[in-house]
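Dropping start.pdb in here (PDB, C-alpha atoms):
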```
ATOM      1  CA  MET R  12      15.921 -93.131 -46.753  1.00  0.00           C
ATOM      2  CA  THR R  13      17.252 -90.207 -48.776  1.00  0.00           C
ATOM      3  CA  ARG R  14      14.040 -90.202 -50.821  1.00  0.00           C
ATOM      4  CA  ASN R  15      11.955 -89.926 -47.641  1.00  0.00           C
ATOM      5  CA  LEU R  16      14.203 -87.161 -46.326  1.00  0.00           C
ATOM      6  CA  THR R  17      13.827 -85.265 -49.585  1.00  0.00           C
ATOM      7  CA  VAL R  18      10.045 -85.630 -49.445  1.00  0.00           C
ATOM      8  CA  TYR R  19       9.977 -84.329 -45.842  1.00  0.00           C
ATOM      9  CA  ILE R  20      12.181 -81.365 -46.684  1.00  0.00           C
ATOM     10  CA  ILE R  21       9.963 -80.465 -49.635  1.00  0.00           C
ATOM     11  CA  SER R  22       6.861 -80.895 -47.428  1.00  0.00           C
ATOM     12  CA  PHE R  23       8.434 -78.714 -44.736  1.00  0.00           C
ATOM     13  CA  VAL R  24       9.176 -75.920 -47.200  1.00  0.00           C
ATOM     14  CA  ALA R  25       5.730 -76.230 -48.812  1.00  0.00           C
ATOM     15  CA  TYR R  26       3.841 -76.056 -45.496  1.00  0.00           C
ATOM     16  CA  VAL R  27       5.895 -73.124 -44.222  1.00  0.00           C
ATOM     17  CA  LEU R  28       5.469 -71.219 -47.494  1.00  0.00           C
ATOM     18  CA  ALA R  29       1.738 -71.934 -47.528  1.00  0.00           C
ATOM     19  CA  GLN R  30       1.450 -70.741 -43.921  1.00  0.00           C
ATOM     20  CA  VAL R  31       3.417 -67.572 -44.595  1.00  0.00           C
ATOM     21  CA  PHE R  32       1.592 -66.698 -47.814  1.00  0.00           C
ATOM     22  CA  PHE R  33      -1.855 -67.292 -46.326  1.00  0.00           C
ATOM     23  CA  LYS R  34      -1.233 -65.875 -42.845  1.00  0.00           C
ATOM     24  CA  ASN R  35      -3.565 -62.963 -43.573  1.00  0.00           C
ATOM     25  CA  LEU R  36      -6.350 -65.304 -44.660  1.00  0.00           C
ATOM     26  CA  VAL R  37      -8.758 -64.932 -41.743  1.00  0.00           C
ATOM     27  CA  LEU R  38     -12.476 -65.723 -41.658  1.00  0.00           C
ATOM     28  CA  PHE R  39     -14.631 -63.182 -39.819  1.00  0.00           C
ATOM     29  CA  ASN R  40     -11.626 -61.981 -37.804  1.00  0.00           C
ATOM     30  CA  THR R  41     -11.704 -65.163 -35.694  1.00  0.00           C
ATOM     31  CA  GLY R  42     -10.942 -68.157 -37.937  1.00  0.00           C
ATOM     32  CA  PHE R  43      -7.259 -68.670 -38.715  1.00  0.00           C
ATOM     33  CA  CYS R  44      -5.834 -71.492 -40.806  1.00  0.00           C
ATOM     34  CA  PHE R  45      -2.709 -73.032 -39.293  1.00  0.00           C
ATOM     35  CA  LEU R  46      -1.897 -75.515 -42.009  1.00  0.00           C
ATOM     36  CA  TYR R  47       1.653 -76.190 -40.817  1.00  0.00           C
ATOM     37  CA  VAL R  48       0.307 -78.374 -37.988  1.00  0.00           C
ATOM     38  CA  ILE R  49      -0.335 -81.169 -40.475  1.00  0.00           C
ATOM     39  CA  PHE R  50       3.415 -81.553 -41.094  1.00  0.00           C
ATOM     40  CA  ILE R  51       3.865 -83.275 -37.722  1.00  0.00           C
ATOM     41  CA  LEU R  52       0.575 -85.153 -37.888  1.00  0.00           C
ATOM     42  CA  MET R  53       1.411 -86.747 -41.264  1.00  0.00           C
ATOM     43  CA  MET R  54       4.753 -88.239 -40.169  1.00  0.00           C
ATOM     44  CA  PRO R  55       4.836 -92.066 -40.243  1.00  0.00           C
ATOM     45  CA  ILE R  56       3.227 -93.763 -37.264  1.00  0.00           C
ATOM     46  CA  GLU R  57       6.537 -95.293 -36.055  1.00  0.00           C
ATOM     47  CA  THR R  58       8.307 -91.915 -35.851  1.00  0.00           C
ATOM     48  CA  SER R  59      10.024 -91.438 -32.491  1.00  0.00           C
ATOM     49  CA  ASN R  60       8.942 -88.747 -30.050  1.00  0.00           C
ATOM     50  CA  LEU R  61      12.382 -87.163 -30.050  1.00  0.00           C
ATOM     51  CA  PHE R  62      12.403 -86.728 -33.834  1.00  0.00           C
ATOM     52  CA  LEU R  63       8.809 -85.443 -33.789  1.00  0.00           C
ATOM     53  CA  MET R  64       9.600 -82.865 -31.112  1.00  0.00           C
ATOM     54  CA  ALA R  65      12.734 -81.712 -32.954  1.00  0.00           C
ATOM     55  CA  ALA R  66      10.783 -81.388 -36.214  1.00  0.00           C
ATOM     56  CA  GLY R  67       7.959 -79.636 -34.354  1.00  0.00           C
ATOM     57  CA  PHE R  68      10.397 -77.155 -32.880  1.00  0.00           C
ATOM     58  CA  VAL R  69      12.007 -76.447 -36.247  1.00  0.00           C
ATOM     59  CA  ILE R  70       8.732 -75.861 -38.088  1.00  0.00           C
ATOM     60  CA  GLY R  71       7.255 -73.905 -35.172  1.00  0.00           C
ATOM     61  CA  PHE R  72      10.363 -71.731 -34.879  1.00  0.00           C
ATOM     62  CA  THR R  73      10.344 -71.120 -38.631  1.00  0.00           C
ATOM     63  CA  VAL R  74       6.723 -69.967 -38.476  1.00  0.00           C
ATOM     64  CA  ASP R  75       7.589 -67.837 -35.417  1.00  0.00           C
ATOM     65  CA  VAL R  76      10.231 -66.020 -37.450  1.00  0.00           C
ATOM     66  CA  PHE R  77       7.637 -64.984 -40.023  1.00  0.00           C
ATOM     67  CA  TYR R  78       4.869 -64.265 -37.498  1.00  0.00           C
ATOM     68  CA  ASN R  79       7.204 -62.477 -35.049  1.00  0.00           C
ATOM     69  CA  SER R  80       5.592 -64.418 -32.191  1.00  0.00           C
ATOM     70  CA  LEU R  81       8.572 -65.116 -29.894  1.00  0.00           C
ATOM     71  CA  GLY R  82       8.404 -68.931 -29.726  1.00  0.00           C
ATOM     72  CA  LEU R  83       4.650 -69.352 -29.387  1.00  0.00           C
ATOM     73  CA  HIS R  84       4.298 -71.597 -32.437  1.00  0.00           C
ATOM     74  CA  ALA R  85       7.442 -73.543 -31.517  1.00  0.00           C
ATOM     75  CA  PHE R  86       6.017 -74.227 -28.040  1.00  0.00           C
ATOM     76  CA  THR R  87       2.666 -75.427 -29.330  1.00  0.00           C
ATOM     77  CA  MET R  88       4.238 -77.615 -32.017  1.00  0.00           C
ATOM     78  CA  VAL R  89       6.606 -79.301 -29.562  1.00  0.00           C
ATOM     79  CA  PHE R  90       3.634 -79.968 -27.277  1.00  0.00           C
ATOM     80  CA  ILE R  91       1.576 -81.472 -30.125  1.00  0.00           C
ATOM     81  CA  ALA R  92       4.566 -83.528 -31.278  1.00  0.00           C
ATOM     82  CA  TYR R  93       4.969 -84.844 -27.716  1.00  0.00           C
ATOM     83  CA  LEU R  94       1.305 -85.851 -27.454  1.00  0.00           C
ATOM     84  CA  ARG R  95       0.990 -87.340 -30.950  1.00  0.00           C
ATOM     85  CA  ASN R  96       2.383 -90.835 -30.288  1.00  0.00           C
ATOM     86  CA  TYR R  97       0.460 -91.161 -27.029  1.00  0.00           C
ATOM     87  CA  TRP R  98      -2.741 -90.239 -28.844  1.00  0.00           C
ATOM     88  CA  LEU R  99      -1.936 -92.709 -31.635  1.00  0.00           C
ATOM     89  CA  GLY R 100      -1.478 -95.398 -28.974  1.00  0.00           C
ATOM     90  CA  THR R 101      -4.856 -94.534 -27.475  1.00  0.00           C
ATOM     91  CA  ILE R 102      -6.741 -94.785 -30.768  1.00  0.00           C
ATOM     92  CA  THR R 103      -4.952 -97.855 -32.110  1.00  0.00           C
ATOM     93  CA  PRO R 104      -7.310-100.065 -34.139  1.00  0.00           C
ATOM     94  CA  GLN R 105      -8.025-103.554 -32.863  1.00  0.00           C
ATOM     95  CA  GLY R 106      -5.485-105.235 -35.167  1.00  0.00           C
ATOM     96  CA  GLY R 107      -2.866-102.530 -34.643  1.00  0.00           C
ATOM     97  CA  TYR R 108      -1.190-100.483 -37.318  1.00  0.00           C
ATOM     98  CA  ASP R 109       0.506-102.017 -40.334  1.00  0.00           C
ATOM     99  CA  PRO R 110       4.289-101.592 -40.461  1.00  0.00           C
ATOM    100  CA  GLY R 111       5.116 -98.404 -42.338  1.00  0.00           C
ATOM    101  CA  ALA R 112       1.538 -97.117 -42.146  1.00  0.00           C
ATOM    102  CA  MET R 113       0.938 -93.441 -42.754  1.00  0.00           C
ATOM    103  CA  PRO R 114      -1.672 -91.551 -40.699  1.00  0.00           C
ATOM    104  CA  ASN R 115      -3.471 -90.055 -43.660  1.00  0.00           C
ATOM    105  CA  LEU R 116      -7.084 -89.994 -44.757  1.00  0.00           C
ATOM    106  CA  PRO R 117      -6.881 -92.376 -47.766  1.00  0.00           C
ATOM    107  CA  SER R 118      -5.137 -95.183 -45.889  1.00  0.00           C
ATOM    108  CA  GLN R 119      -6.921 -94.935 -42.522  1.00  0.00           C
ATOM    109  CA  GLY R 120     -10.402 -93.678 -43.406  1.00  0.00           C
ATOM    110  CA  VAL R 121     -12.332 -90.512 -42.657  1.00  0.00           C
ATOM    111  CA  GLN R 122     -13.567 -91.437 -39.169  1.00  0.00           C
ATOM    112  CA  TRP R 123     -10.146 -92.507 -37.895  1.00  0.00           C
ATOM    113  CA  PHE R 124      -8.480 -89.481 -39.496  1.00  0.00           C
ATOM    114  CA  LEU R 125     -10.878 -87.023 -37.839  1.00  0.00           C
ATOM    115  CA  VAL R 126     -10.582 -88.750 -34.462  1.00  0.00           C
ATOM    116  CA  TYR R 127      -6.800 -88.572 -34.834  1.00  0.00           C
ATOM    117  CA  THR R 128      -6.378 -84.995 -36.044  1.00  0.00           C
ATOM    118  CA  MET R 129      -9.197 -82.981 -34.456  1.00  0.00           C
ATOM    119  CA  PRO R 130      -8.153 -83.282 -30.786  1.00  0.00           C
ATOM    120  CA  LEU R 131      -4.525 -82.491 -31.584  1.00  0.00           C
ATOM    121  CA  VAL R 132      -5.397 -79.523 -33.794  1.00  0.00           C
ATOM    122  CA  PHE R 133      -7.869 -78.339 -31.126  1.00  0.00           C
ATOM    123  CA  LEU R 134      -5.170 -78.480 -28.438  1.00  0.00           C
ATOM    124  CA  HIS R 135      -2.721 -76.673 -30.700  1.00  0.00           C
ATOM    125  CA  HIS R 136      -5.180 -73.850 -31.339  1.00  0.00           C
ATOM    126  CA  LEU R 137      -6.365 -73.670 -27.720  1.00  0.00           C
ATOM    127  CA  ILE R 138      -2.854 -73.364 -26.314  1.00  0.00           C
ATOM    128  CA  LEU R 139      -1.831 -70.936 -29.038  1.00  0.00           C
ATOM    129  CA  PHE R 140      -4.747 -68.568 -28.456  1.00  0.00           C
ATOM    130  CA  LEU R 141      -4.769 -68.840 -24.644  1.00  0.00           C
ATOM    131  CA  VAL R 142      -1.069 -68.090 -24.360  1.00  0.00           C
ATOM    132  CA  GLU R 143      -1.411 -65.317 -26.945  1.00  0.00           C
ATOM    133  CA  SER R 144      -4.148 -63.645 -24.904  1.00  0.00           C
ATOM    134  CA  THR R 145      -2.323 -64.427 -21.611  1.00  0.00           C
ATOM    135  CA  GLY R 146      -5.466 -66.185 -20.401  1.00  0.00           C
ATOM    136  CA  THR R 147      -7.459 -62.994 -19.943  1.00  0.00           C
ATOM    137  CA  LEU R 148      -9.895 -63.348 -22.825  1.00  0.00           C
ATOM    138  CA  PHE R 149     -11.011 -66.935 -22.309  1.00  0.00           C
ATOM    139  CA  TRP R 150     -14.290 -66.874 -24.235  1.00  0.00           C
ATOM    140  CA  TYR R 151     -12.848 -64.927 -27.138  1.00  0.00           C
ATOM    141  CA  SER R 152      -9.942 -67.388 -27.223  1.00  0.00           C
ATOM    142  CA  MET R 153     -12.435 -70.264 -27.271  1.00  0.00           C
ATOM    143  CA  LEU R 154     -14.312 -68.644 -30.169  1.00  0.00           C
ATOM    144  CA  LYS R 155     -11.055 -68.247 -32.071  1.00  0.00           C
ATOM    145  CA  THR R 156     -10.090 -71.835 -31.218  1.00  0.00           C
ATOM    146  CA  ILE R 157     -13.351 -73.368 -32.452  1.00  0.00           C
ATOM    147  CA  SER R 158     -13.583 -71.273 -35.607  1.00  0.00           C
ATOM    148  CA  SER R 159      -9.911 -71.871 -36.420  1.00  0.00           C
ATOM    149  CA  LEU R 160     -10.364 -75.596 -35.785  1.00  0.00           C
ATOM    150  CA  ILE R 161     -13.218 -75.746 -38.282  1.00  0.00           C
ATOM    151  CA  PHE R 162     -11.311 -73.679 -40.841  1.00  0.00           C
ATOM    152  CA  THR R 163      -8.033 -75.616 -40.446  1.00  0.00           C
ATOM    153  CA  MET R 164      -9.706 -79.049 -40.500  1.00  0.00           C
ATOM    154  CA  THR R 165     -11.696 -78.139 -43.612  1.00  0.00           C
ATOM    155  CA  VAL R 166      -8.516 -77.135 -45.435  1.00  0.00           C
ATOM    156  CA  ILE R 167      -6.650 -80.235 -44.192  1.00  0.00           C
ATOM    157  CA  VAL R 168      -9.390 -82.624 -45.336  1.00  0.00           C
ATOM    158  CA  ILE R 169      -9.626 -80.915 -48.719  1.00  0.00           C
ATOM    159  CA  LEU R 170      -5.854 -81.172 -49.124  1.00  0.00           C
ATOM    160  CA  GLN R 171      -5.949 -84.852 -48.155  1.00  0.00           C
ATOM    161  CA  TYR R 172      -8.276 -85.478 -51.086  1.00  0.00           C
ATOM    162  CA  LEU R 173      -6.460 -83.211 -53.562  1.00  0.00           C
ATOM    163  CA  LEU R 174      -2.802 -84.054 -52.942  1.00  0.00           C
ATOM    164  CA  PRO R 175      -1.342 -87.450 -53.801  1.00  0.00           C
ATOM    165  CA  GLN R 176      -0.727 -89.505 -50.663  1.00  0.00           C
ATOM    166  CA  ARG R 177       1.852 -92.131 -49.915  1.00  0.00           C
ATOM    167  CA  SER R 178       0.388 -95.213 -48.272  1.00  0.00           C
ATOM    168  CA  ARG R 179       3.711 -96.488 -46.863  1.00  0.00           C
ATOM    169  CA  ALA R 180       6.723 -94.761 -45.372  1.00  0.00           C
TER     170      ALA R 180
END
```

Turn this file's structure into structure tokens for me.
Amino acid sequence: MTRNLTVYIISFVAYVLAQVFFKNLVLFNTGFCFLYVIFILMMPIETSNLFLMAAGFVIGFTVDVFYNSLGLHAFTMVFIAYLRNYWLGTITPQGGYDPGAMPNLPSQGVQWFLVYTMPLVFLHHLILFLVESTGTLFWYSMLKTISSLIFTMTVIVILQYLLPQRSRA
């Protein structure tokens, strides 16, 4: 248990540092990479909603401190953390998940991984950009959402192939 906690703390720090260092990395003034979202999505499948929402709040609040965004990232991360287990239940494979399974690309496959992550990352970006624009610039927010989704998912998939993955919790 302490080994897993250490790994999650190191992952937390790594994702926050990556997000802070690359926050000015923007493609064509519309595509933003919000890499920290993957921290919640890569938690073990059996993780409780309460723990996910607490972790989502902590990482979102930490990013808010660096972005000076007054709780916007914390709100979207708690929402994604809340939806995650319901979405996992919806896309459960026919035989179910193995005990201790990790929702990562090497253990679950590309198709399952994209079906799992893309809707949640899309919702994160959509809520983030709509609340940021106070709902007044809908089409521009949609452009930012789609371009950021493509950018973020590309980076996430590349990282899934480059970084060593644990197959069990």

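Pairwise distance (atom CA of Met64 of chain R, atom CA of Ile91 of chain R) equals 8.2 Å.
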
Show me, as JSON, the centre and edge lengths in Å to one decimal of the axis-aligned box that covers every listed atom of segment 38-44 of chain R with 3 Å on each side.
```
{"center_x": -10.2, "center_y": -66.7, "center_z": -38.7, "size_x": 14.8, "size_y": 15.5, "size_z": 12.0}
```

Checklist entry - What is the distance between atom CA of Met129 of chain R and atom CA of Leu63 of chain R, in Å to one decimal? => result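 If I compute the distance from atom CA of Met129 of chain R to atom CA of Leu63 of chain R, I get 18.2 Å.
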
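Interatomic distance, atom CA of Lys155 of chain R to atom CA of Leu28 of chain R: 22.8 Å.
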
Checklist entry - Evaluating the PyMOL selection byres ((chain R and resi 172) around 12) on the displayed file yields which residues, as an NGL selection string? => result :R and (115-118 or 120-121 or 165-171 or 173-176)

Next on the checklist: Give me the residues near His135 of chain R as a VMD selection string, where near means some atom within 12 Å (using all atoms listed in the file) and where sequence neighbours in that chain fewer than 6 positions away do not count.
Outcome noted: chain R and resid 44 to 49 51 to 52 67 71 83 to 95 128 to 129 141 to 142 155 to 157 159 to 160 163

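Counting all atoms listed in the file and comparing R:Ala112, R:Leu38, R:Val27, R:Met54, the residue that lies closest to Phe72 of chain R is R:Val27.
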
Next on the checklist: Ranking R:Phe50, R:Phe43, R:Phe68, R:Gln119 by minimum distance to Gly82 of chain R and counting only C-alpha atoms, which one comes first?
Outcome noted: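 Answer, going by the shortest atom-to-atom distance: R:Phe68.
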
Checklist entry - Smallest atom-to-atom distance to Gln30 of chain R: which of R:Thr73, R:Ser152, R:Asn60, R:Ser158, using all atoms listed in the file? => result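 For Gln30 of chain R, the nearest of the candidates is R:Thr73.
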
Skipping near chain neighbours, those fewer than 6 positions away, what residues fall within 12 Å of Tyr97 of chain R using only C-alpha atoms, listed as a tab-separated table (two decimals) with C-alpha atoms, keeping the file's coordinate frame?
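File produced: result-v6.tsv:
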```tsv
chain	number	residue	atom	x	y	z
R	56	ILE	CA	3.23	-93.76	-37.26
R	57	GLU	CA	6.54	-95.29	-36.06
R	58	THR	CA	8.31	-91.92	-35.85
R	59	SER	CA	10.02	-91.44	-32.49
R	60	ASN	CA	8.94	-88.75	-30.05
R	90	PHE	CA	3.63	-79.97	-27.28
R	91	ILE	CA	1.58	-81.47	-30.12
R	103	THR	CA	-4.95	-97.86	-32.11
R	127	TYR	CA	-6.80	-88.57	-34.83
R	131	LEU	CA	-4.53	-82.49	-31.58
```

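Once only C-alpha atoms are considered, the residues situated within 10 Å of the file point (12.6, -75.9, -43.3) turn out to be Tyr19, Ile20, Ile21, Ser22, Phe23, Val24, Ala25, Tyr26, Val27, Leu28, Ala66, Val69, Ile70, Gly71, Phe72, Thr73 and Val74 of chain R.
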
Checklist entry - Which is closest to Pro55 of chain R among R:Val31, R:Leu16, R:Leu36, R:Pro114, if we use only C-alpha atoms? => result R:Pro114

Mind filling out segment 48-67 of chain R with N, CA and C atoms and sending it as a tab-separated table (two decimals), keeping the file's coordinate frame?
```tsv
chain	number	residue	atom	x	y	z
R	48	VAL	N	0.49	-77.34	-39.01
R	48	VAL	CA	0.31	-78.37	-37.99
R	48	VAL	C	0.30	-79.77	-38.61
R	49	ILE	N	-0.20	-79.87	-39.83
R	49	ILE	CA	-0.34	-81.17	-40.48
R	49	ILE	C	1.02	-81.80	-40.78
R	50	PHE	N	2.09	-81.01	-40.83
R	50	PHE	CA	3.42	-81.55	-41.09
R	50	PHE	C	3.79	-82.61	-40.05
R	51	ILE	N	3.56	-82.32	-38.79
R	51	ILE	CA	3.86	-83.28	-37.72
R	51	ILE	C	2.86	-84.42	-37.71
R	52	LEU	N	1.61	-84.12	-37.96
R	52	LEU	CA	0.57	-85.15	-37.89
R	52	LEU	C	0.68	-86.18	-39.01
R	53	MET	N	1.30	-85.83	-40.13
R	53	MET	CA	1.41	-86.75	-41.26
R	53	MET	C	2.71	-87.54	-41.28
R	54	MET	N	3.54	-87.42	-40.26
R	54	MET	CA	4.75	-88.24	-40.17
R	54	MET	C	4.34	-89.70	-39.99
R	55	PRO	N	5.18	-90.65	-40.42
R	55	PRO	CA	4.84	-92.07	-40.24
R	55	PRO	C	4.52	-92.40	-38.79
R	56	ILE	N	3.70	-93.40	-38.60
R	56	ILE	CA	3.23	-93.76	-37.26
R	56	ILE	C	4.38	-94.18	-36.34
R	57	GLU	N	5.42	-94.82	-36.88
R	57	GLU	CA	6.54	-95.29	-36.06
R	57	GLU	C	7.54	-94.21	-35.69
R	58	THR	N	7.34	-92.98	-36.11
R	58	THR	CA	8.31	-91.92	-35.85
R	58	THR	C	8.48	-91.71	-34.35
R	59	SER	N	9.73	-91.58	-33.92
R	59	SER	CA	10.02	-91.44	-32.49
R	59	SER	C	9.61	-90.06	-31.98
R	60	ASN	N	9.34	-90.00	-30.68
R	60	ASN	CA	8.94	-88.75	-30.05
R	60	ASN	C	10.03	-87.70	-30.15
R	61	LEU	N	11.28	-88.11	-30.00
R	61	LEU	CA	12.38	-87.16	-30.05
R	61	LEU	C	12.48	-86.50	-31.43
R	62	PHE	N	12.36	-87.29	-32.49
R	62	PHE	CA	12.40	-86.73	-33.83
R	62	PHE	C	11.20	-85.83	-34.08
R	63	LEU	N	10.02	-86.26	-33.62
R	63	LEU	CA	8.81	-85.44	-33.79
R	63	LEU	C	8.94	-84.09	-33.08
R	64	MET	N	9.47	-84.11	-31.86
R	64	MET	CA	9.60	-82.86	-31.11
R	64	MET	C	10.65	-81.95	-31.75
R	65	ALA	N	11.73	-82.53	-32.26
R	65	ALA	CA	12.73	-81.71	-32.95
R	65	ALA	C	12.14	-81.10	-34.22
R	66	ALA	N	11.42	-81.90	-35.00
R	66	ALA	CA	10.78	-81.39	-36.21
R	66	ALA	C	9.72	-80.36	-35.87
R	67	GLY	N	8.97	-80.59	-34.79
R	67	GLY	CA	7.96	-79.64	-34.35
R	67	GLY	C	8.58	-78.31	-33.94
```
